[in-house]
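Q: Structure: query.txt, compact mmCIF, C-alpha atoms.
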# COMPACT_ATOMS: atom_id res chain seq x y z
CA MET N 642 54.14 -33.60 29.48
CA LYS N 643 53.12 -30.73 31.76
CA ARG N 644 54.88 -27.42 31.29
CA PRO N 645 55.80 -25.63 34.49
CA LEU N 646 53.29 -22.98 35.56
CA SER N 647 55.96 -20.31 35.58
CA SER N 648 56.65 -20.81 31.86
CA LEU N 649 52.91 -20.79 31.19
CA LEU N 650 52.57 -17.48 32.95
CA THR N 651 55.33 -15.78 31.03
CA GLY N 652 54.08 -16.94 27.64
CA ALA N 653 50.45 -17.94 27.65
CA LEU N 654 48.86 -15.83 30.36
CA LEU N 655 48.63 -12.54 28.63
CA LEU N 656 48.51 -13.90 25.10
CA THR N 657 45.15 -15.43 25.98
CA LEU N 658 43.88 -12.28 27.68
CA LEU N 659 44.44 -10.13 24.61
CA PRO N 660 41.66 -10.50 22.06
CA LEU N 661 38.45 -8.60 22.72
CA ALA N 662 37.17 -8.28 19.13
CA PRO N 663 36.45 -10.47 16.08
CA ALA N 664 39.33 -11.96 14.14
CA SER N 665 40.76 -9.84 11.34
CA LEU N 666 44.19 -9.29 9.83
CA ALA N 667 44.68 -5.98 11.64
CA GLN N 668 43.53 -7.52 14.90
CA SER N 669 45.80 -10.50 14.39
CA GLN N 670 48.74 -8.17 13.80
CA ALA N 671 47.86 -6.16 16.92
CA GLN N 672 47.61 -9.38 18.97
CA ASN N 673 50.95 -10.59 17.62
CA GLN N 674 52.52 -7.24 18.56
CA ASP N 675 51.02 -7.50 22.05
CA ALA N 676 52.09 -11.14 22.36
CA SER N 677 55.69 -10.26 21.49
CA ALA N 678 55.77 -7.32 23.93
CA PRO N 679 57.38 -7.83 27.34
CA ILE N 680 55.08 -8.86 30.19
CA LEU N 681 55.23 -6.53 33.16
CA VAL N 682 53.74 -7.70 36.47
CA GLU N 683 53.60 -5.67 39.65
CA ALA N 684 52.16 -7.07 42.87
CA ASP N 685 52.92 -7.15 46.57
CA ARG N 686 52.92 -10.95 46.69
CA LEU N 687 52.97 -14.07 44.49
CA ASP N 688 51.92 -17.54 45.61
CA LEU N 689 52.80 -20.10 42.93
CA ASP N 690 51.60 -23.69 43.31
CA ASP N 691 52.81 -25.71 40.34
CA ARG N 692 51.09 -28.93 41.44
CA ALA N 693 47.72 -27.23 41.88
CA GLY N 694 48.23 -25.30 38.66
CA THR N 695 47.67 -21.87 40.20
CA ALA N 696 49.45 -18.58 40.54
CA VAL N 697 47.90 -15.97 42.84
CA TYR N 698 49.10 -12.38 42.75
CA THR N 699 47.89 -10.07 45.56
CA GLY N 700 48.26 -6.43 46.51
CA ASN N 701 47.64 -3.81 43.83
CA VAL N 702 48.20 -6.25 40.97
CA ASP N 703 48.96 -4.61 37.63
CA ILE N 704 49.70 -6.86 34.64
CA ARG N 705 50.57 -5.30 31.26
CA GLN N 706 51.60 -6.55 27.87
CA GLY N 707 51.42 -4.32 24.83
CA SER N 708 47.97 -2.71 24.77
CA MET N 709 46.55 -5.17 27.34
CA ARG N 710 46.20 -4.34 31.03
CA LEU N 711 44.61 -6.34 33.89
CA THR N 712 44.41 -4.96 37.42
CA GLY N 713 42.88 -5.99 40.73
CA SER N 714 43.69 -6.43 44.37
CA ARG N 715 43.99 -10.18 43.64
CA VAL N 716 44.55 -12.01 40.33
CA GLU N 717 44.45 -15.81 40.16
CA ILE N 718 45.66 -17.74 37.14
CA ARG N 719 44.62 -21.42 36.71
CA ARG N 720 45.69 -24.09 34.29
CA ASN N 721 43.96 -27.34 33.33
CA ALA N 722 45.27 -30.92 33.63
CA ALA N 723 47.02 -30.58 30.25
CA GLY N 724 48.98 -27.60 31.58
CA GLU N 725 47.15 -25.04 29.44
CA LEU N 726 45.91 -21.75 30.83
CA SER N 727 42.19 -22.19 31.54
CA ARG N 728 41.05 -19.18 33.56
CA ALA N 729 42.19 -15.82 34.89
CA THR N 730 40.21 -14.17 37.69
CA ALA N 731 40.78 -10.59 38.88
CA ILE N 732 39.08 -9.40 42.08
CA GLY N 733 38.98 -5.93 43.59
CA ASP N 734 36.76 -3.02 44.41
CA ARG N 735 37.09 -2.14 40.70
CA ALA N 736 39.05 -4.88 38.90
CA TYR N 737 39.91 -3.66 35.41
CA LEU N 738 40.69 -5.08 31.97
CA GLU N 739 41.60 -3.13 28.84
CA GLN N 740 42.95 -3.87 25.39
CA GLN N 741 43.06 -2.21 21.99
CA PRO N 742 42.13 -4.90 19.43
CA ASN N 743 43.81 -2.98 16.60
CA PRO N 744 44.92 0.60 15.97
CA ALA N 745 41.76 1.39 13.95
CA GLU N 746 39.40 0.45 16.82
CA PRO N 747 38.87 2.15 20.18
CA VAL N 748 40.23 0.64 23.37
CA ILE N 749 37.90 -1.83 25.07
CA LYS N 750 37.63 -1.29 28.84
CA GLY N 751 35.87 -3.46 31.41
CA TRP N 752 35.31 -3.12 35.16
CA GLY N 753 33.71 -5.21 37.87
CA ARG N 754 34.32 -6.40 41.38
CA THR N 755 35.22 -9.69 39.72
CA ILE N 756 36.48 -10.28 36.17
CA VAL N 757 36.71 -13.88 34.95
CA TYR N 758 38.31 -14.75 31.62
CA HIS N 759 37.48 -18.27 30.39
CA VAL N 760 40.26 -19.01 27.93
CA ALA N 761 38.89 -22.00 25.98
CA GLU N 762 35.46 -20.38 25.61
CA ARG N 763 36.96 -16.96 24.82
CA ARG N 764 34.46 -15.39 27.17
CA VAL N 765 34.77 -12.64 29.79
CA GLU N 766 32.47 -12.24 32.80
CA LEU N 767 32.25 -8.86 34.53
CA ILE N 768 30.50 -9.35 37.86
CA ASP N 769 29.03 -6.79 40.30
CA ARG N 770 29.08 -3.11 39.32
CA ALA N 771 30.03 -4.29 35.85
CA GLU N 772 30.84 -1.92 33.00
CA LEU N 773 32.01 -2.48 29.43
CA HIS N 774 33.06 0.44 27.20
CA GLN N 775 34.21 0.59 23.59
CA GLY N 776 34.30 4.01 22.00
CA GLY N 777 31.07 5.74 22.99
CA ASP N 778 29.16 2.48 23.47
CA THR N 779 28.68 1.45 27.10
CA PHE N 780 27.00 -1.39 28.98
CA GLU N 781 26.44 -1.38 32.76
CA GLY N 782 24.72 -3.75 35.15
CA GLY N 783 25.14 -6.38 37.80
CA TYR N 784 26.52 -8.98 35.41
CA LEU N 785 27.92 -8.64 31.89
CA GLU N 786 29.16 -11.49 29.75
CA TYR N 787 31.18 -10.72 26.62
CA PHE N 788 31.83 -13.36 23.94
CA LEU N 789 35.05 -12.25 22.31
CA ASP N 790 34.83 -13.80 18.86
CA ARG N 791 31.17 -12.99 18.25
CA ARG N 792 31.20 -9.55 19.94
CA VAL N 793 28.07 -10.54 21.84
CA VAL N 794 27.16 -8.96 25.18
CA GLN N 795 24.67 -10.53 27.56
CA ALA N 796 23.62 -8.51 30.61
CA ARG N 797 21.61 -9.19 33.74
CA ALA N 798 20.57 -7.00 36.65
CA ASP N 799 21.29 -9.76 39.14
CA ALA N 800 23.32 -12.94 39.21
CA GLU N 801 25.45 -14.97 41.59
CA GLY N 802 28.07 -12.69 43.13
CA VAL N 803 26.07 -9.50 42.54
CA GLU N 804 25.02 -7.42 45.55
CA GLY N 805 21.34 -6.58 45.15
CA SER N 806 19.87 -5.84 41.75
CA GLN N 807 21.79 -3.50 39.44
CA ARG N 808 19.65 -2.46 36.48
CA ILE N 809 21.04 -2.76 32.99
CA ARG N 810 21.97 0.49 31.26
CA MET N 811 23.19 0.70 27.69
CA THR N 812 24.31 3.58 25.49
CA LEU N 813 24.96 2.93 21.81
CA GLN N 814 26.33 5.64 19.55
CA PRO N 815 24.77 5.91 16.07
CA GLU N 816 26.97 4.73 13.22
CA GLN N 817 28.45 7.48 11.09
CA GLN N 818 27.10 7.62 7.53
CA GLN N 819 29.48 7.79 4.53
CA GLY N 820 30.70 11.35 4.11
CA GLU N 821 29.84 12.45 7.67
CA PRO N 822 32.69 13.86 9.78
Let's see the structure in the file written out as structure tokens.

A:
Amino acid sequence: MKRPLSSLLTGALLLTLLPLAPASLAQSQAQNQDASAPILVEADRLDLDDRAGTAVYTGNVDIRQGSMRLTGSRVEIRRNAAGELSRATAIGDRAYLEQQPNPAEPVIKGWGRTIVYHVAERRVELIDRAELHQGGDTFEGGYLEYFLDRRVVQARADAEGVEGSQRIRMTLQPEQQQGEP
């Protein structure tokens, strides 16, 4: 039985956008806290098509739940034939995604002209003028792909949807040794 898209959006949308780090007890607790937090959506317009399985928010879209935030000028949510959330796409001059995996870890922030979250694969694509930041570590380029569970980043200077070639830049902070401040 298909669940209505509106009920999917209120429950599953942001729950699936939350995790941006490997599974751990602290992370699981943080995700549960985020998942139980109210969902706040601001937009100028909503077009909901239950039969097509889409919800499209437009006009300064700002979606928040707990430590998670997704913004863009347009955010489209899609579900699969089984009624499960399958993909969220944010588009804008600087679409933005952030989340704090757990209180002991820094906030993860991502930007791009397009951000695509593939729910089943637990993978985020940041496309065109892409940036990914966690603590002092940063990745920039035309296309960044982040695999949530494995904490793997793949970057390319050019890809479909990228204007021109945008060289990859990476800054990694050295790990602190035991006893260092």

Q: With 8 Å on each side, where is the centre of the axis-aligned box around all listed atoms of range 796-806 of chain N, and how long are its edges in Å to one decimal, as JSON?

A:
{"center_x": 24.0, "center_y": -10.4, "center_z": 38.1, "size_x": 24.2, "size_y": 25.1, "size_z": 30.9}

Q: Identify which of the residues N:Ala798, N:Ile749, N:Val793, N:Ala736 lies closest to Arg764 in chain N, counting all atoms listed in the file when measuring atom-to-atom distances.

A: N:Val793

Q: Have a look at N:Leu681, N:Ala731, N:Leu738, N:Leu789 and name the one nearest to Val757 in chain N; count all atoms listed in the file.

A: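 Residue with the minimum atom-to-atom distance to Val757 in chain N: N:Ala731.
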
Q: For a test of reading the model, state the distance in Å between CA of Asn743 in chain N and CA of Gly707 in chain N, rounded to one decimal.

A: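 Going from CA of Asn743 in chain N over to CA of Gly707 in chain N, I get 11.3 Å.
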
Q: What is the distance between CA of Asp790 in chain N and CA of Gln740 in chain N, in Å to one decimal?

A: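 Rounded to one decimal, the two atoms are 14.4 Å apart.
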
Q: Tell me, in Å to one decimal, how far CA of Thr730 in chain N is from CA of Glu717 in chain N.

A: 5.2 Å

Q: Taking 6 positions as the minimum chain separation for residues in the same chain, which residues sit within 9 Å of Gly783 in chain N when counting all atoms listed in the file? Answer as an MDAnalysis selection string.

A: chainID N and resid 753 767:772 796:800 802:809

Q: Show me as a tab-separated table (two decimals) with C-alpha atoms, in the coordinates of the input the residues that reach within 6 Å of (50.1, -7.8, 41.1), counting all atoms listed in the file and using the file's own coordinates.

A:
chain	number	residue	atom	x	y	z
N	682	VAL	CA	53.74	-7.70	36.47
N	683	GLU	CA	53.60	-5.67	39.65
N	684	ALA	CA	52.16	-7.07	42.87
N	698	TYR	CA	49.10	-12.38	42.75
N	699	THR	CA	47.89	-10.07	45.56
N	700	GLY	CA	48.26	-6.43	46.51
N	701	ASN	CA	47.64	-3.81	43.83
N	702	VAL	CA	48.20	-6.25	40.97
N	703	ASP	CA	48.96	-4.61	37.63
